[in-house]
Each structure stands twice: as structure tokens, then as C-alpha cells.
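Source file structure-v5.pdb; content: PDB, C-alpha atoms, pLDDT in the B column.
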ATOM      1  CA  MET T1290    -131.600 -13.690  10.044  1.00 57.00           C
ATOM      2  CA  PRO T1291    -130.808 -14.998  13.540  1.00 59.00           C
ATOM      3  CA  ALA T1292    -131.486 -18.627  14.291  1.00 58.00           C
ATOM      4  CA  LYS T1293    -134.728 -19.256  16.089  1.00 61.00           C
ATOM      5  CA  LYS T1294    -134.174 -20.421  19.649  1.00 58.00           C
ATOM      6  CA  ARG T1295    -135.885 -23.725  20.343  1.00 61.00           C
ATOM      7  CA  ASP T1296    -137.437 -24.628  23.630  1.00 63.00           C
ATOM      8  CA  ALA T1297    -135.605 -27.390  25.443  1.00 67.00           C
ATOM      9  CA  LEU T1298    -137.505 -30.618  25.838  1.00 66.00           C
ATOM     10  CA  PRO T1299    -138.598 -31.494  29.359  1.00 72.00           C
ATOM     11  CA  ASP T1300    -136.528 -34.098  31.205  1.00 70.00           C
ATOM     12  CA  GLU T1301    -139.321 -36.684  30.960  1.00 77.00           C
ATOM     13  CA  LYS T1302    -139.417 -36.386  27.162  1.00 77.00           C
ATOM     14  CA  LEU T1303    -135.612 -36.555  26.921  1.00 74.00           C
ATOM     15  CA  ILE T1304    -135.573 -39.628  29.147  1.00 77.00           C
ATOM     16  CA  ASP T1305    -138.179 -41.294  26.904  1.00 80.00           C
ATOM     17  CA  LEU T1306    -136.098 -40.504  23.812  1.00 79.00           C
ATOM     18  CA  ALA T1307    -132.936 -41.801  25.503  1.00 78.00           C
ATOM     19  CA  ARG T1308    -134.763 -44.992  26.541  1.00 80.00           C
ATOM     20  CA  MET T1309    -136.008 -45.525  22.972  1.00 85.00           C
ATOM     21  CA  THR T1310    -132.473 -45.099  21.645  1.00 82.00           C
ATOM     22  CA  PHE T1311    -131.124 -47.478  24.294  1.00 80.00           C
ATOM     23  CA  GLU T1312    -133.730 -50.118  23.370  1.00 86.00           C
ATOM     24  CA  HIS T1313    -132.952 -49.683  19.676  1.00 85.00           C
ATOM     25  CA  PHE T1314    -129.242 -50.281  20.291  1.00 82.00           C
ATOM     26  CA  GLU T1315    -130.106 -53.256  22.503  1.00 85.00           C
ATOM     27  CA  SER T1316    -132.147 -54.822  19.681  1.00 87.00           C
ATOM     28  CA  GLN T1317    -129.262 -54.185  17.264  1.00 85.00           C
ATOM     29  CA  LEU T1318    -126.926 -56.033  19.641  1.00 84.00           C
ATOM     30  CA  HIS T1319    -129.285 -59.023  19.606  1.00 86.00           C
ATOM     31  CA  PHE T1320    -129.374 -58.853  15.807  1.00 84.00           C
ATOM     32  CA  GLY T1321    -125.556 -58.834  15.709  1.00 85.00           C
ATOM     33  CA  ASP T1322    -125.437 -61.825  18.068  1.00 87.00           C
ATOM     34  CA  THR T1323    -127.833 -63.743  15.827  1.00 88.00           C
ATOM     35  CA  LYS T1324    -125.707 -63.034  12.745  1.00 87.00           C
ATOM     36  CA  ALA T1325    -122.564 -64.157  14.586  1.00 88.00           C
ATOM     37  CA  GLN T1326    -124.283 -67.368  15.730  1.00 89.00           C
ATOM     38  CA  LEU T1327    -125.501 -68.138  12.201  1.00 89.00           C
ATOM     39  CA  THR T1328    -121.987 -67.529  10.873  1.00 91.00           C
ATOM     40  CA  LEU T1329    -120.612 -69.957  13.450  1.00 91.00           C
ATOM     41  CA  GLY T1330    -123.193 -72.559  12.406  1.00 91.00           C
ATOM     42  CA  VAL T1331    -122.288 -72.311   8.721  1.00 91.00           C
ATOM     43  CA  ASN T1332    -118.612 -72.488   9.653  1.00 90.00           C
ATOM     44  CA  ALA T1333    -119.316 -75.722  11.558  1.00 91.00           C
ATOM     45  CA  VAL T1334    -120.781 -77.227   8.370  1.00 90.00           C
ATOM     46  CA  LEU T1335    -117.741 -76.095   6.362  1.00 88.00           C
ATOM     47  CA  ILE T1336    -115.402 -77.515   9.002  1.00 88.00           C
ATOM     48  CA  GLY T1337    -117.245 -80.840   8.757  1.00 87.00           C
ATOM     49  CA  SER T1338    -116.883 -80.800   4.997  1.00 82.00           C
ATOM     50  CA  LEU T1339    -113.203 -79.885   5.238  1.00 81.00           C
ATOM     51  CA  ALA T1340    -112.633 -82.659   7.768  1.00 82.00           C
ATOM     52  CA  SER T1341    -113.871 -85.292   5.341  1.00 77.00           C
ATOM     53  CA  PHE T1342    -112.620 -83.694   2.130  1.00 76.00           C
ATOM     54  CA  GLY T1343    -109.538 -81.906   3.451  1.00 73.00           C
ATOM     55  CA  LYS T1344    -107.501 -84.944   4.448  1.00 76.00           C
ATOM     56  CA  GLU T1345    -107.432 -86.166   0.853  1.00 80.00           C
ATOM     57  CA  ALA T1346    -106.755 -82.635  -0.390  1.00 81.00           C
ATOM     58  CA  PHE T1347    -103.768 -82.127   1.917  1.00 80.00           C
ATOM     59  CA  SER T1348    -102.420 -85.614   1.112  1.00 84.00           C
ATOM     60  CA  ALA T1349    -102.527 -84.821  -2.598  1.00 84.00           C
ATOM     61  CA  LEU T1350    -100.079 -81.966  -2.039  1.00 82.00           C
ATOM     62  CA  LEU T1351     -97.421 -84.409  -0.818  1.00 85.00           C
ATOM     63  CA  ASP T1352     -98.115 -87.210  -3.296  1.00 88.00           C
ATOM     64  CA  PRO T1353     -95.997 -86.861  -6.467  1.00 89.00           C
ATOM     65  CA  ALA T1354     -98.452 -89.119  -8.332  1.00 89.00           C
ATOM     66  CA  SER T1355    -101.330 -86.675  -7.765  1.00 88.00           C
ATOM     67  CA  SER T1356    -102.838 -84.978 -10.768  1.00 89.00           C
ATOM     68  CA  PHE T1357    -102.716 -81.220 -11.328  1.00 90.00           C
ATOM     69  CA  VAL T1358    -106.385 -80.915 -10.303  1.00 89.00           C
ATOM     70  CA  GLU T1359    -105.790 -82.862  -7.069  1.00 89.00           C
ATOM     71  CA  LYS T1360    -102.829 -80.611  -6.230  1.00 89.00           C
ATOM     72  CA  ALA T1361    -104.924 -77.506  -7.032  1.00 90.00           C
ATOM     73  CA  ILE T1362    -107.603 -78.717  -4.621  1.00 89.00           C
ATOM     74  CA  GLY T1363    -104.899 -79.290  -1.998  1.00 88.00           C
ATOM     75  CA  VAL T1364    -103.532 -75.800  -2.518  1.00 91.00           C
ATOM     76  CA  LEU T1365    -107.039 -74.321  -2.143  1.00 92.00           C
ATOM     77  CA  ALA T1366    -107.586 -76.292   1.084  1.00 89.00           C
ATOM     78  CA  VAL T1367    -104.903 -74.213   2.855  1.00 90.00           C
ATOM     79  CA  PRO T1368    -106.541 -70.775   2.404  1.00 94.00           C
ATOM     80  CA  LEU T1369    -109.935 -72.407   3.031  1.00 92.00           C
ATOM     81  CA  PHE T1370    -108.721 -73.654   6.407  1.00 91.00           C
ATOM     82  CA  VAL T1371    -107.256 -70.219   7.285  1.00 94.00           C
ATOM     83  CA  SER T1372    -110.387 -68.423   6.099  1.00 95.00           C
ATOM     84  CA  ILE T1373    -112.647 -70.658   8.198  1.00 94.00           C
ATOM     85  CA  LEU T1374    -110.410 -70.081  11.216  1.00 95.00           C
ATOM     86  CA  LEU T1375    -110.577 -66.294  10.776  1.00 96.00           C
ATOM     87  CA  SER T1376    -114.334 -66.379  10.266  1.00 94.00           C
ATOM     88  CA  VAL T1377    -114.793 -68.386  13.462  1.00 93.00           C
ATOM     89  CA  MET T1378    -112.447 -66.074  15.373  1.00 94.00           C
ATOM     90  CA  PHE T1379    -114.273 -62.880  14.319  1.00 94.00           C
ATOM     91  CA  SER T1380    -117.681 -64.471  14.928  1.00 92.00           C
ATOM     92  CA  LEU T1381    -116.629 -65.491  18.429  1.00 91.00           C
ATOM     93  CA  LEU T1382    -115.312 -61.987  19.090  1.00 91.00           C
ATOM     94  CA  ALA T1383    -118.682 -60.606  17.955  1.00 89.00           C
ATOM     95  CA  ALA T1384    -120.584 -62.991  20.226  1.00 85.00           C
ATOM     96  CA  GLN T1385    -118.316 -62.406  23.232  1.00 82.00           C
ATOM     97  CA  PRO T1386    -119.756 -59.972  25.777  1.00 70.00           C
ATOM     98  CA  ASN T1387    -117.731 -56.797  26.084  1.00 67.00           C
ATOM     99  CA  LEU T1388    -118.126 -55.463  29.591  1.00 58.00           C
ATOM    100  CA  ARG T1389    -115.930 -52.399  29.582  1.00 58.00           C
ATOM    101  CA  PRO T1390    -117.219 -49.655  31.856  1.00 54.00           C
ATOM    102  CA  PRO T1391    -118.534 -46.541  30.114  1.00 50.00           C
ATOM    103  CA  LEU T1392    -116.088 -43.819  29.107  1.00 53.00           C
ATOM    104  CA  ARG T1393    -115.817 -40.956  31.584  1.00 51.00           C
ATOM    105  CA  LYS T1394    -114.571 -37.459  31.035  1.00 52.00           C
ATOM    106  CA  PRO T1395    -111.610 -36.589  33.273  1.00 47.00           C
ATOM    107  CA  GLU T1396    -113.415 -33.548  34.659  1.00 48.00           C
ATOM    108  CA  SER T1397    -116.537 -35.497  35.687  1.00 49.00           C
ATOM    109  CA  PRO T1398    -116.765 -37.174  39.076  1.00 48.00           C
ATOM    110  CA  GLN T1399    -116.503 -40.945  39.094  1.00 50.00           C
ATOM    111  CA  GLU T1400    -120.092 -41.696  40.062  1.00 66.00           C
ATOM    112  CA  ASP T1401    -121.686 -45.085  39.719  1.00 75.00           C
ATOM    113  CA  ASN T1402    -124.160 -45.288  36.874  1.00 78.00           C
ATOM    114  CA  LEU T1403    -127.519 -46.490  38.179  1.00 76.00           C
ATOM    115  CA  TYR T1404    -128.312 -47.954  34.732  1.00 75.00           C
ATOM    116  CA  PHE T1405    -125.136 -50.028  34.282  1.00 76.00           C
ATOM    117  CA  PHE T1406    -125.492 -53.532  35.707  1.00 73.00           C
ATOM    118  CA  GLY T1407    -121.814 -53.543  36.639  1.00 74.00           C
ATOM    119  CA  SER T1408    -122.557 -50.687  39.051  1.00 78.00           C
ATOM    120  CA  VAL T1409    -126.031 -51.849  40.132  1.00 78.00           C
ATOM    121  CA  GLN T1410    -124.841 -55.233  41.365  1.00 81.00           C
ATOM    122  CA  GLY T1411    -122.472 -53.489  43.777  1.00 83.00           C
ATOM    123  CA  PHE T1412    -125.336 -51.934  45.776  1.00 83.00           C
ATOM    124  CA  SER T1413    -127.578 -53.565  48.317  1.00 87.00           C
ATOM    125  CA  PRO T1414    -131.214 -53.558  47.163  1.00 86.00           C
ATOM    126  CA  SER T1415    -132.149 -50.865  49.698  1.00 89.00           C
ATOM    127  CA  ASP T1416    -129.125 -48.686  48.796  1.00 86.00           C
ATOM    128  CA  TYR T1417    -129.930 -49.001  45.104  1.00 80.00           C
ATOM    129  CA  ASP T1418    -133.579 -48.062  45.780  1.00 82.00           C
ATOM    130  CA  ARG T1419    -132.463 -45.036  47.792  1.00 87.00           C
ATOM    131  CA  ARG T1420    -129.981 -43.850  45.135  1.00 83.00           C
ATOM    132  CA  PHE T1421    -132.380 -44.494  42.262  1.00 80.00           C
ATOM    133  CA  SER T1422    -135.238 -42.625  43.951  1.00 82.00           C
ATOM    134  CA  ALA T1423    -133.019 -39.677  44.877  1.00 85.00           C
ATOM    135  CA  GLN T1424    -131.742 -38.926  41.353  1.00 83.00           C
ATOM    136  CA  SER T1425    -132.998 -35.886  39.509  1.00 83.00           C
ATOM    137  CA  GLY T1426    -134.401 -35.995  35.996  1.00 80.00           C
ATOM    138  CA  ALA T1427    -131.186 -34.473  34.665  1.00 81.00           C
ATOM    139  CA  GLN T1428    -129.096 -37.125  36.453  1.00 82.00           C
ATOM    140  CA  ALA T1429    -131.321 -39.917  35.105  1.00 81.00           C
ATOM    141  CA  ARG T1430    -131.080 -38.511  31.571  1.00 81.00           C
ATOM    142  CA  ALA T1431    -127.283 -38.221  31.789  1.00 83.00           C
ATOM    143  CA  ALA T1432    -126.928 -41.774  33.142  1.00 83.00           C
ATOM    144  CA  ILE T1433    -129.208 -43.252  30.478  1.00 82.00           C
ATOM    145  CA  LEU T1434    -127.389 -41.378  27.733  1.00 82.00           C
ATOM    146  CA  GLU T1435    -124.083 -42.650  29.105  1.00 85.00           C
ATOM    147  CA  GLN T1436    -125.450 -46.180  28.669  1.00 83.00           C
ATOM    148  CA  VAL T1437    -126.727 -45.353  25.180  1.00 83.00           C
ATOM    149  CA  HIS T1438    -123.188 -44.277  24.296  1.00 85.00           C
ATOM    150  CA  ALA T1439    -121.744 -47.456  25.832  1.00 83.00           C
ATOM    151  CA  LYS T1440    -124.221 -49.592  23.852  1.00 83.00           C
ATOM    152  CA  ALA T1441    -123.262 -47.744  20.674  1.00 84.00           C
ATOM    153  CA  ARG T1442    -119.578 -48.555  21.274  1.00 87.00           C
ATOM    154  CA  ILE T1443    -120.412 -52.225  21.932  1.00 85.00           C
ATOM    155  CA  ALA T1444    -122.636 -52.394  18.827  1.00 85.00           C
ATOM    156  CA  GLU T1445    -119.916 -50.872  16.651  1.00 88.00           C
ATOM    157  CA  ARG T1446    -117.363 -53.478  17.795  1.00 89.00           C
ATOM    158  CA  LYS T1447    -119.888 -56.304  17.469  1.00 88.00           C
ATOM    159  CA  PHE T1448    -120.904 -55.332  13.926  1.00 89.00           C
ATOM    160  CA  THR T1449    -117.290 -54.788  12.855  1.00 92.00           C
ATOM    161  CA  ASN T1450    -116.385 -58.301  14.000  1.00 93.00           C
ATOM    162  CA  THR T1451    -119.569 -59.781  12.540  1.00 92.00           C
ATOM    163  CA  ARG T1452    -118.836 -58.133   9.181  1.00 93.00           C
ATOM    164  CA  ARG T1453    -115.264 -59.462   9.205  1.00 95.00           C
ATOM    165  CA  GLY T1454    -116.507 -62.937  10.113  1.00 94.00           C
ATOM    166  CA  LEU T1455    -118.990 -62.820   7.244  1.00 94.00           C
ATOM    167  CA  TYR T1456    -116.329 -61.683   4.758  1.00 96.00           C
ATOM    168  CA  PHE T1457    -114.163 -64.666   5.655  1.00 96.00           C
ATOM    169  CA  LEU T1458    -117.215 -66.938   5.548  1.00 94.00           C
ATOM    170  CA  TYR T1459    -117.964 -65.739   2.004  1.00 95.00           C
ATOM    171  CA  LEU T1460    -114.344 -66.386   1.037  1.00 97.00           C
ATOM    172  CA  SER T1461    -114.510 -69.832   2.673  1.00 94.00           C
ATOM    173  CA  PHE T1462    -117.667 -70.720   0.807  1.00 93.00           C
ATOM    174  CA  LEU T1463    -116.174 -69.541  -2.489  1.00 96.00           C
ATOM    175  CA  LEU T1464    -113.013 -71.611  -1.954  1.00 94.00           C
ATOM    176  CA  TRP T1465    -115.087 -74.636  -0.895  1.00 90.00           C
ATOM    177  CA  ALA T1466    -117.292 -74.311  -4.010  1.00 92.00           C
ATOM    178  CA  VAL T1467    -114.238 -74.116  -6.298  1.00 93.00           C
ATOM    179  CA  MET T1468    -112.750 -77.185  -4.593  1.00 89.00           C
ATOM    180  CA  GLN T1469    -116.025 -79.071  -5.040  1.00 88.00           C
ATOM    181  CA  ALA T1470    -116.232 -78.078  -8.706  1.00 92.00           C
ATOM    182  CA  LEU T1471    -112.628 -79.152  -9.328  1.00 91.00           C
ATOM    183  CA  SER T1472    -113.297 -82.505  -7.685  1.00 86.00           C
ATOM    184  CA  PHE T1473    -115.603 -83.419 -10.595  1.00 87.00           C
ATOM    185  CA  PHE T1474    -112.529 -83.414 -12.849  1.00 84.00           C
ATOM    186  CA  ILE T1475    -110.654 -86.014 -10.826  1.00 80.00           C
ATOM    187  CA  ALA T1476    -110.562 -89.358 -12.628  1.00 68.00           C
ATOM    188  CA  ASP T1477    -111.341 -92.293 -10.367  1.00 64.00           C
TER     189      ASP T1477
END
Give the structure from this file in C-alpha cells form.
Amino acid sequence: MPAKKRDALPDEKLIDLARMTFEHFESQLHFGDTKAQLTLGVNAVLIGSLASFGKEAFSALLDPASSFVEKAIGVLAVPLFVSILLSVMFSLLAAQPNLRPPLRKPESPQEDNLYFFGSVQGFSPSDYDRRFSAQSGAQARAAILEQVHAKARIAERKFTNTRRGLYFLYLSFLLWAVMQALSFFIAD
């Protein structure tokens, strides 16, 4: 049985769908930024804890009179420090704006995208108005979808870095908790 041919959606409907997708990706980018900022905040607390607790832990590594537990805490302080550093680095990469221009196919002409702020800012207000008003529905749809694709690429990088930052934050918290638990076994 041959496949039933579907009617193509009108340009206005496609533009609405593209706009909805664009707005969805935009909200996901804000969500990713919030997660990265929260990760940075928790890392700041861990850094503060390591600053007060870490000096003693690192000193215990070099002191031959230190107990086994004190040396174990010192050993754990090293990967904790590295893990916090990696978590901060990935969280900052997630929060950093990524302003690469959209991908273009080699066979397509290098036209400015009227929906990409990097292109828009290069026009005078009257030139932008003229270009925007002169575009066809198909051109508007293609330009919006190009931005949807660009947002998807940005979101993928942002969430990859956020996820990595969170993994190292979890590891940092685990190491910190073990160090805190071990500290109860240190005789004063």
C-alpha cells in the first residue's frame, strides 16, 4: 500500500512551530545556566571548607608524626582539590556564552541571518527593517530553523559541560564527606 501523501503545512504554521522550538531551546539554555551557577555556588562552599580544613590535611602528609587517619585525610585532600577545580572549570564552560555563527552548507549562499543577533547588529535600523520586511515566509522559516539548530548545538555543549561539572561536584562532595567522617577519628 503506497504511503499517503501529506499536505505541507503553510509557512505561517511552520514559522510558529519553529518559534516554539526556538523558545523551548532558549528556556533549556536558561535552565542549564541556572544549574551551572548553582554548581559554582556549591563549589565555593567546598572551596571555603577546603581552605580551612585543607591546610591541616596537606600538612599532615609531610609530618612524620601524623597518624594514619590524618595522612588518609591528607591523601583525600589532593583528589578533592582536583575534583573541585574540574567542577568549577566545566561549570564555567557551561556558563560561558558560545557565540559561534550558525553552520552553513557549502552550497548555500553566505547570507546574513535576520534572526541571529551577530548579524542583526551589523545593520542600520532602517536596513534591518527593509531586509526583514522583504523576506518571504520560506526565507523566514529557513532563518528561524537555522537559529533553532544553532541553539540546539549550544544547548548540547552547555548540558555536556554542566553534566561534567555536576559529576565532579558529586565526587568532591563524596571526598569531602569521607574526610569529615575520618576527622572524627583523630585524637586531640
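Here atom CA of Ala1349 of chain T stands at a distance of 16.9 Å from atom CA of Leu1464 of chain T.
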- Query: So how many Å separate atom CA of Ser1376 of chain T and atom CA of Glu1359 of chain T, to one decimal?
  - Reply: 25.4 Å
- Task: List the residues selected by the PyMOL selection byres ((chain T and resi 1312-1324) around 9) in the file shown, writing them as a list in words.
- Result: Ala1307, Arg1308, Met1309, Thr1310, Phe1311, Ala1325, Gln1326, Leu1327, Thr1328, Leu1329, Ser1380, Ala1383, Ala1384, Gln1385, Val1437, Lys1440, Ala1441, Ile1443, Ala1444, Lys1447, Phe1448, Thr1451 and Leu1455 of chain T
- Selection dump of the PyMOL selection byres ((chain T and resi 1367) around 12), as number ranges by chain: T: 1339, 1343-1344, 1346-1348, 1350, 1360-1366, 1368-1374, 1461, 1464-1465, 1468
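Counting from atom CA of Gly1411 of chain T, the distance to atom CA of His1438 of chain T is 21.6 Å.
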- Residue with the minimum atom-to-atom distance to Arg1419 of chain T, picked from T:Leu1403, T:Leu1335, T:Ala1340, T:Leu1375 with only C-alpha atoms counted, is T:Leu1403
- Message: Could you list, as a ChimeraX atom specification, every residue within 8 Å of Ile1304 of chain T, counting only C-alpha atoms and ignoring same-chain residues fewer than 2 positions away?
- Response: /T:1300-1302,1306-1308,1426,1429-1430,1433
How about saving the chosen residues, C-alpha atoms kept, as a compact mmCIF listing (two decimals), in the coordinates of the input?
# COMPACT_ATOMS: atom_id res chain seq x y z
CA ASP T 1300 -136.53 -34.10 31.20
CA GLU T 1301 -139.32 -36.68 30.96
CA LYS T 1302 -139.42 -36.39 27.16
CA LEU T 1306 -136.10 -40.50 23.81
CA ALA T 1307 -132.94 -41.80 25.50
CA ARG T 1308 -134.76 -44.99 26.54
CA GLY T 1426 -134.40 -35.99 36.00
CA ALA T 1429 -131.32 -39.92 35.10
CA ARG T 1430 -131.08 -38.51 31.57
CA ILE T 1433 -129.21 -43.25 30.48
- Considering all atoms listed in the file, state which residue in the set T:Ala1427, T:Gln1469, T:Asn1450, T:Glu1435 is at the smallest distance from Pro1299 of chain T. T:Ala1427
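With all atoms listed in the file as the basis for measurement, T:Arg1452 is the residue among T:Tyr1459, T:Leu1351, T:Leu1471, T:Arg1452 that approaches Leu1382 of chain T most closely.
By only C-alpha atoms, and with residues fewer than 2 positions from Tyr1404 of chain T along its chain excluded, the set lying at most 7 Å from it is Asn1402, Phe1406, Ala1432, Ile1433 and Gln1436 of chain T.
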Around all of segment 1358-1365 of chain T's listed atoms, make the axis-aligned box with 3 Å on each side and tell me centre and edge lengths in Å to one decimal, as JSON.
{"center_x": -105.2, "center_y": -78.6, "center_z": -6.2, "size_x": 10.8, "size_y": 14.5, "size_z": 14.3}
- Query: From the set T:Ile1475, T:Asn1332, T:Gln1428, T:Val1467, which residue has the shortest atom-to-atom contact distance to Met1378 of chain T, counting all atoms listed in the file?
  - Reply: T:Asn1332
